[in-house]
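Before any comments, here is the structure.
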Amino acid sequence: MSLGVKTRRVLNRLLQAVPTIFGILVVCFLLTRALPGDPAAYFAGDMADEASIEQVRENLGLNQSTPIQFINYVSDLAHGDLGVAISTGQTVTQELAKRLPASLELTLAALLLSLVIAIPLGVLAATRPNTWVDHLCRFLVTAGVSLPTFFTGLALLYVFYYLLGWAPPPIGRLDMMFLPPETVTGFYTIDSLIAGDWTLFKASLAQMTLPVITLALFTLAPIARMTRAAMLQTLSSDYVRTARAAGLSGRRVLVTYAFRNALLPVVTTLGMVFSFVLGANVLVEKVFAWPGIGSFAVEALVVSDYAAVQGFVLSMALLFVSLNLLIDLAYTLIDPRVAEEE
């Protein structure tokens, strides 16, 4: 696939995503207005009278009709203004910029850990059916799907923090004895390595361990199940039997023919898992007091903070679109037939 074709492919996918993002904005805007509670009353305070609440409502633009509010919101978005989070008093852009790296660090680390475990486990289960490896894969898949993330997180805390004392207290990204590293990427582990502070790296990694394992147990289940199913299908296909009949080594057949073709549904599953894990992040962040956008969204929902909720949903939509674009481009590297269709 030439560079020009790749560029057109990217632009085409981005244009297709515009209606999706706009539809998400409309639905989110309408649903937030249907939330119970009055953000103007919360912002004015418990002792405010009706006149003060009405003044706050007017300052926030909540006294206008819903269509006018939506037009104003879209106009502000066009100028890069996501509004002010009334629950914190800071702009939504600042809150997201501060909290999004925390959630992404947790999510990406969990996905990486689950990939390292789930893909080899799924391949081994498919190549050794009805053995202990296959039974272990089925057990982990069943446990990962069945156990809620908040239960897994609380159980890990109870065992490794309360009973054994191996894990640090669940108080966020760093222990109170440490100061955050200088911000470069927003990921404490990477920023501490850039700064050359190994003590800080170990401390941030220790804080991440239990929440990452909690999310990884949740995400490895669908990845391992899809890897096993895809490998079983490709191993029984005609082209694999032909490759074996041609005298190719078992390793080459497994890696070149079976595994590469089995990766296509696994990559698709990875995109869906990423969306699931961002939702599961909300519960994990509350259990481990992790200052990410999930906990920020929950706090905003409690007080009907329209701007914060809308900013959260918009950031999630953009993340999904970006990930789907990356997956679409990865298809062209894994399966040459996709490139030939262009």
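Chain identifiers are assigned as A, B, and so on, following the order in which chains appear in the structure tokens; residues are numbered from 1 within each chain, and ligands are numbered from 1 in order of appearance.
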Next on the checklist: Give me the residues near Leu124 in chain A as JSON, numbers by chain, where near means some atom within 9 Å (using only C-alpha atoms) and where sequence neighbours in that chain fewer than 3 positions away do not count.
Outcome noted: {"A": [119, 120, 121, 127, 128, 129, 133, 134, 137, 228]}
Keeping N, CA, C and O atoms for every residue in the selection just given, could you write it to a file as a PDB file, in the first residue's frame?
```pdb
ATOM      1  N   ILE A 119      -2.336 -14.163  25.008  1.00  0.00           N
ATOM      2  CA  ILE A 119      -2.042 -14.683  23.668  1.00  0.00           C
ATOM      3  C   ILE A 119      -1.231 -15.977  23.727  1.00  0.00           C
ATOM      4  O   ILE A 119      -1.614 -16.978  23.093  1.00  0.00           O
ATOM      5  N   PRO A 120      -0.122 -16.043  24.477  1.00  0.00           N
ATOM      6  CA  PRO A 120       0.558 -17.349  24.570  1.00  0.00           C
ATOM      7  C   PRO A 120      -0.311 -18.439  25.194  1.00  0.00           C
ATOM      8  O   PRO A 120      -0.259 -19.595  24.757  1.00  0.00           O
ATOM      9  N   LEU A 121      -1.118 -18.067  26.180  1.00  0.00           N
ATOM     10  CA  LEU A 121      -1.990 -19.055  26.807  1.00  0.00           C
ATOM     11  C   LEU A 121      -3.027 -19.566  25.820  1.00  0.00           C
ATOM     12  O   LEU A 121      -3.314 -20.776  25.770  1.00  0.00           O
ATOM     13  N   THR A 127      -3.195 -25.491  20.734  1.00  0.00           N
ATOM     14  CA  THR A 127      -2.295 -26.535  20.230  1.00  0.00           C
ATOM     15  C   THR A 127      -2.245 -27.758  21.143  1.00  0.00           C
ATOM     16  O   THR A 127      -1.760 -28.810  20.731  1.00  0.00           O
ATOM     17  N   ARG A 128      -2.759 -27.606  22.374  1.00  0.00           N
ATOM     18  CA  ARG A 128      -2.790 -28.739  23.315  1.00  0.00           C
ATOM     19  C   ARG A 128      -4.190 -28.863  23.919  1.00  0.00           C
ATOM     20  O   ARG A 128      -4.391 -28.633  25.112  1.00  0.00           O
ATOM     21  N   PRO A 129      -5.182 -29.189  23.097  1.00  0.00           N
ATOM     22  CA  PRO A 129      -6.567 -29.262  23.603  1.00  0.00           C
ATOM     23  C   PRO A 129      -6.738 -30.360  24.645  1.00  0.00           C
ATOM     24  O   PRO A 129      -6.109 -31.420  24.580  1.00  0.00           O
ATOM     25  N   VAL A 133      -3.131 -27.158  30.273  1.00  0.00           N
ATOM     26  CA  VAL A 133      -3.034 -25.780  29.775  1.00  0.00           C
ATOM     27  C   VAL A 133      -4.381 -25.302  29.272  1.00  0.00           C
ATOM     28  O   VAL A 133      -4.803 -24.162  29.536  1.00  0.00           O
ATOM     29  N   ASP A 134      -5.068 -26.178  28.553  1.00  0.00           N
ATOM     30  CA  ASP A 134      -6.391 -25.831  28.035  1.00  0.00           C
ATOM     31  C   ASP A 134      -7.377 -25.612  29.179  1.00  0.00           C
ATOM     32  O   ASP A 134      -8.175 -24.664  29.159  1.00  0.00           O
ATOM     33  N   CYS A 137      -6.646 -22.283  30.810  1.00  0.00           N
ATOM     34  CA  CYS A 137      -7.156 -21.189  29.987  1.00  0.00           C
ATOM     35  C   CYS A 137      -8.658 -21.021  30.186  1.00  0.00           C
ATOM     36  O   CYS A 137      -9.150 -19.900  30.351  1.00  0.00           O
ATOM     37  N   ARG A 228      -7.679 -18.550  21.483  1.00  0.00           N
ATOM     38  CA  ARG A 228      -7.854 -20.004  21.435  1.00  0.00           C
ATOM     39  C   ARG A 228      -8.808 -20.405  20.318  1.00  0.00           C
ATOM     40  O   ARG A 228      -8.520 -21.328  19.535  1.00  0.00           O
TER      41      ARG A 228
END
```
Next on the checklist: When you look at Asp191 in chain A with a cut-off of 10 Å (counting only C-alpha atoms), what residues show up, excluding the ones that are within fewer than 3 positions of it in the same chain? I need them as a VMD selection string.
Outcome noted: chain A and resid 180 to 188 194 to 197 200 to 201
Checklist outcome for this item: The residue from A:Val321, A:Leu329, A:Ser304, A:Val313 with the smallest atom-to-atom distance to Leu14 in chain A, counting only C-alpha atoms, is A:Val321
Checklist entry - Val302 in chain A: which residues within 12 Å, counting only C-alpha atoms, same-chain residues fewer than 2 positions away excluded, as a PyMOL selection string? => result chain A and resi 32+35-39+42+86-87+295-300+304-306+308-309
Could the residues in this selection be written to a file with N, CA, C and O atoms, as an mmCIF file, in the first residue's frame?
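Generated output (selection.cif):
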```
data_model
loop_
_atom_site.group_PDB
_atom_site.id
_atom_site.type_symbol
_atom_site.label_atom_id
_atom_site.label_comp_id
_atom_site.auth_asym_id
_atom_site.auth_seq_id
_atom_site.Cartn_x
_atom_site.Cartn_y
_atom_site.Cartn_z
ATOM 1 N N THR A 32 -27.446 14.185 29.853
ATOM 2 C CA THR A 32 -27.006 14.941 31.026
ATOM 3 C C THR A 32 -28.091 15.897 31.506
ATOM 4 O O THR A 32 -28.234 16.121 32.715
ATOM 5 N N LEU A 35 -30.470 14.217 33.870
ATOM 6 C CA LEU A 35 -29.997 13.764 35.170
ATOM 7 C C LEU A 35 -30.757 14.456 36.301
ATOM 8 O O LEU A 35 -31.109 15.634 36.193
ATOM 9 N N PRO A 36 -31.018 13.742 37.383
ATOM 10 C CA PRO A 36 -31.657 14.401 38.541
ATOM 11 C C PRO A 36 -30.692 15.363 39.216
ATOM 12 O O PRO A 36 -29.471 15.220 39.128
ATOM 13 N N GLY A 37 -31.226 16.340 39.888
ATOM 14 C CA GLY A 37 -30.406 17.317 40.579
ATOM 15 C C GLY A 37 -30.259 18.608 39.785
ATOM 16 O O GLY A 37 -30.521 18.649 38.580
ATOM 17 N N ASP A 38 -29.855 19.641 40.472
ATOM 18 C CA ASP A 38 -29.704 20.961 39.867
ATOM 19 C C ASP A 38 -28.278 21.435 40.100
ATOM 20 O O ASP A 38 -27.884 21.722 41.232
ATOM 21 N N PRO A 39 -27.437 21.493 39.049
ATOM 22 C CA PRO A 39 -26.057 21.951 39.237
ATOM 23 C C PRO A 39 -25.970 23.380 39.748
ATOM 24 O O PRO A 39 -25.022 23.730 40.452
ATOM 25 N N TYR A 42 -26.257 23.245 43.482
ATOM 26 C CA TYR A 42 -25.027 22.728 44.084
ATOM 27 C C TYR A 42 -23.946 23.805 44.097
ATOM 28 O O TYR A 42 -23.236 23.989 45.093
ATOM 29 N N ILE A 86 -17.893 22.484 37.646
ATOM 30 C CA ILE A 86 -18.359 23.153 38.855
ATOM 31 C C ILE A 86 -17.982 22.365 40.107
ATOM 32 O O ILE A 86 -17.946 22.918 41.212
ATOM 33 N N SER A 87 -17.685 21.072 39.955
ATOM 34 C CA SER A 87 -17.323 20.271 41.122
ATOM 35 C C SER A 87 -15.910 20.568 41.611
ATOM 36 O O SER A 87 -15.573 20.330 42.771
ATOM 37 N N SER A 295 -12.929 8.263 38.011
ATOM 38 C CA SER A 295 -13.401 8.815 39.280
ATOM 39 C C SER A 295 -13.891 10.247 39.098
ATOM 40 O O SER A 295 -14.850 10.680 39.754
ATOM 41 N N PHE A 296 -13.257 10.999 38.200
ATOM 42 C CA PHE A 296 -13.701 12.363 37.891
ATOM 43 C C PHE A 296 -15.106 12.354 37.311
ATOM 44 O O PHE A 296 -15.945 13.193 37.670
ATOM 45 N N ALA A 297 -15.395 11.392 36.425
ATOM 46 C CA ALA A 297 -16.721 11.302 35.821
ATOM 47 C C ALA A 297 -17.780 10.920 36.852
ATOM 48 O O ALA A 297 -18.899 11.445 36.822
ATOM 49 N N VAL A 298 -17.442 10.016 37.768
ATOM 50 C CA VAL A 298 -18.408 9.617 38.804
ATOM 51 C C VAL A 298 -18.753 10.802 39.699
ATOM 52 O O VAL A 298 -19.927 11.050 40.015
ATOM 53 N N GLU A 299 -17.732 11.549 40.110
ATOM 54 C CA GLU A 299 -17.978 12.720 40.951
ATOM 55 C C GLU A 299 -18.813 13.766 40.214
ATOM 56 O O GLU A 299 -19.666 14.441 40.812
ATOM 57 N N ALA A 300 -18.585 13.916 38.907
ATOM 58 C CA ALA A 300 -19.356 14.875 38.115
ATOM 59 C C ALA A 300 -20.804 14.432 37.972
ATOM 60 O O ALA A 300 -21.728 15.253 38.006
ATOM 61 N N SER A 304 -24.391 16.339 38.952
ATOM 62 C CA SER A 304 -24.944 16.775 37.657
ATOM 63 C C SER A 304 -24.091 17.875 37.017
ATOM 64 O O SER A 304 -24.593 18.897 36.550
ATOM 65 N N ASP A 305 -22.796 17.649 37.020
ATOM 66 C CA ASP A 305 -21.857 18.596 36.419
ATOM 67 C C ASP A 305 -21.835 18.357 34.911
ATOM 68 O O ASP A 305 -21.105 17.504 34.410
ATOM 69 N N TYR A 306 -22.648 19.125 34.186
ATOM 70 C CA TYR A 306 -22.837 18.894 32.763
ATOM 71 C C TYR A 306 -21.529 18.984 31.982
ATOM 72 O O TYR A 306 -21.211 18.114 31.165
ATOM 73 N N ALA A 308 -18.392 18.689 32.858
ATOM 74 C CA ALA A 308 -17.430 17.635 33.157
ATOM 75 C C ALA A 308 -17.848 16.313 32.518
ATOM 76 O O ALA A 308 -17.016 15.603 31.939
ATOM 77 N N VAL A 309 -19.135 15.976 32.621
ATOM 78 C CA VAL A 309 -19.618 14.722 32.034
ATOM 79 C C VAL A 309 -19.462 14.753 30.524
ATOM 80 O O VAL A 309 -19.010 13.782 29.899
#
```
Checklist entry - Which polymer residues have any atom within 10 Å of an atom of Leu115 in chain A, counting only C-alpha atoms, with same-chain residues fewer than 6 positions away left out, as a ChimeraX atom specification? => result /A:109,121,216,219-220,223-224,270
Output all heavy atoms for every residue in that selection, as a CSV table (one decimal), in the first residue's frame.
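Produced file selection_21.csv, reproduced below:
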```
chain,number,residue,atom,x,y,z
A,109,ALA,N,-1.1,-0.4,30.7
A,109,ALA,CA,-0.3,-1.4,31.5
A,109,ALA,C,-1.1,-2.7,31.6
A,109,ALA,O,-0.6,-3.8,31.5
A,109,ALA,CB,0.1,-0.8,32.8
A,121,LEU,N,-1.1,-18.1,26.2
A,121,LEU,CA,-2.0,-19.1,26.8
A,121,LEU,C,-3.0,-19.6,25.8
A,121,LEU,O,-3.3,-20.8,25.8
A,121,LEU,CB,-2.7,-18.4,28.0
A,121,LEU,CG,-3.5,-19.4,28.9
A,121,LEU,CD1,-2.7,-20.5,29.5
A,121,LEU,CD2,-4.2,-18.6,30.0
A,216,ALA,N,-6.1,-6.5,34.4
A,216,ALA,CA,-5.6,-7.5,33.5
A,216,ALA,C,-6.4,-8.8,33.6
A,216,ALA,O,-6.7,-9.5,32.6
A,216,ALA,CB,-4.1,-7.8,33.8
A,219,THR,N,-9.4,-8.2,31.5
A,219,THR,CA,-9.2,-8.1,30.0
A,219,THR,C,-8.6,-9.3,29.4
A,219,THR,O,-8.8,-9.6,28.2
A,219,THR,CB,-8.3,-6.9,29.7
A,219,THR,OG1,-7.0,-7.1,30.4
A,219,THR,CG2,-8.9,-5.6,30.2
A,220,LEU,N,-7.9,-10.1,30.1
A,220,LEU,CA,-7.3,-11.3,29.5
A,220,LEU,C,-8.3,-12.4,29.1
A,220,LEU,O,-8.0,-13.2,28.2
A,220,LEU,CB,-6.1,-11.9,30.3
A,220,LEU,CG,-6.5,-12.6,31.7
A,220,LEU,CD1,-6.9,-14.1,31.5
A,220,LEU,CD2,-5.2,-12.6,32.6
A,223,ILE,N,-9.5,-11.9,25.5
A,223,ILE,CA,-8.4,-12.1,24.5
A,223,ILE,C,-8.0,-13.5,24.4
A,223,ILE,O,-7.7,-14.0,23.4
A,223,ILE,CB,-7.2,-11.1,25.0
A,223,ILE,CG1,-7.7,-9.7,24.9
A,223,ILE,CG2,-6.0,-11.3,24.1
A,223,ILE,CD1,-6.6,-8.7,25.5
A,224,ALA,N,-7.8,-14.2,25.6
A,224,ALA,CA,-7.4,-15.6,25.6
A,224,ALA,C,-8.5,-16.5,24.9
A,224,ALA,O,-8.1,-17.4,24.2
A,224,ALA,CB,-7.2,-16.1,27.0
A,270,LEU,N,-9.4,-6.8,20.7
A,270,LEU,CA,-8.6,-5.9,21.5
A,270,LEU,C,-9.2,-4.5,21.5
A,270,LEU,O,-9.2,-3.8,22.5
A,270,LEU,CB,-7.2,-5.8,20.9
A,270,LEU,CG,-6.2,-4.9,21.7
A,270,LEU,CD1,-6.0,-5.4,23.1
A,270,LEU,CD2,-4.8,-4.9,21.0
```
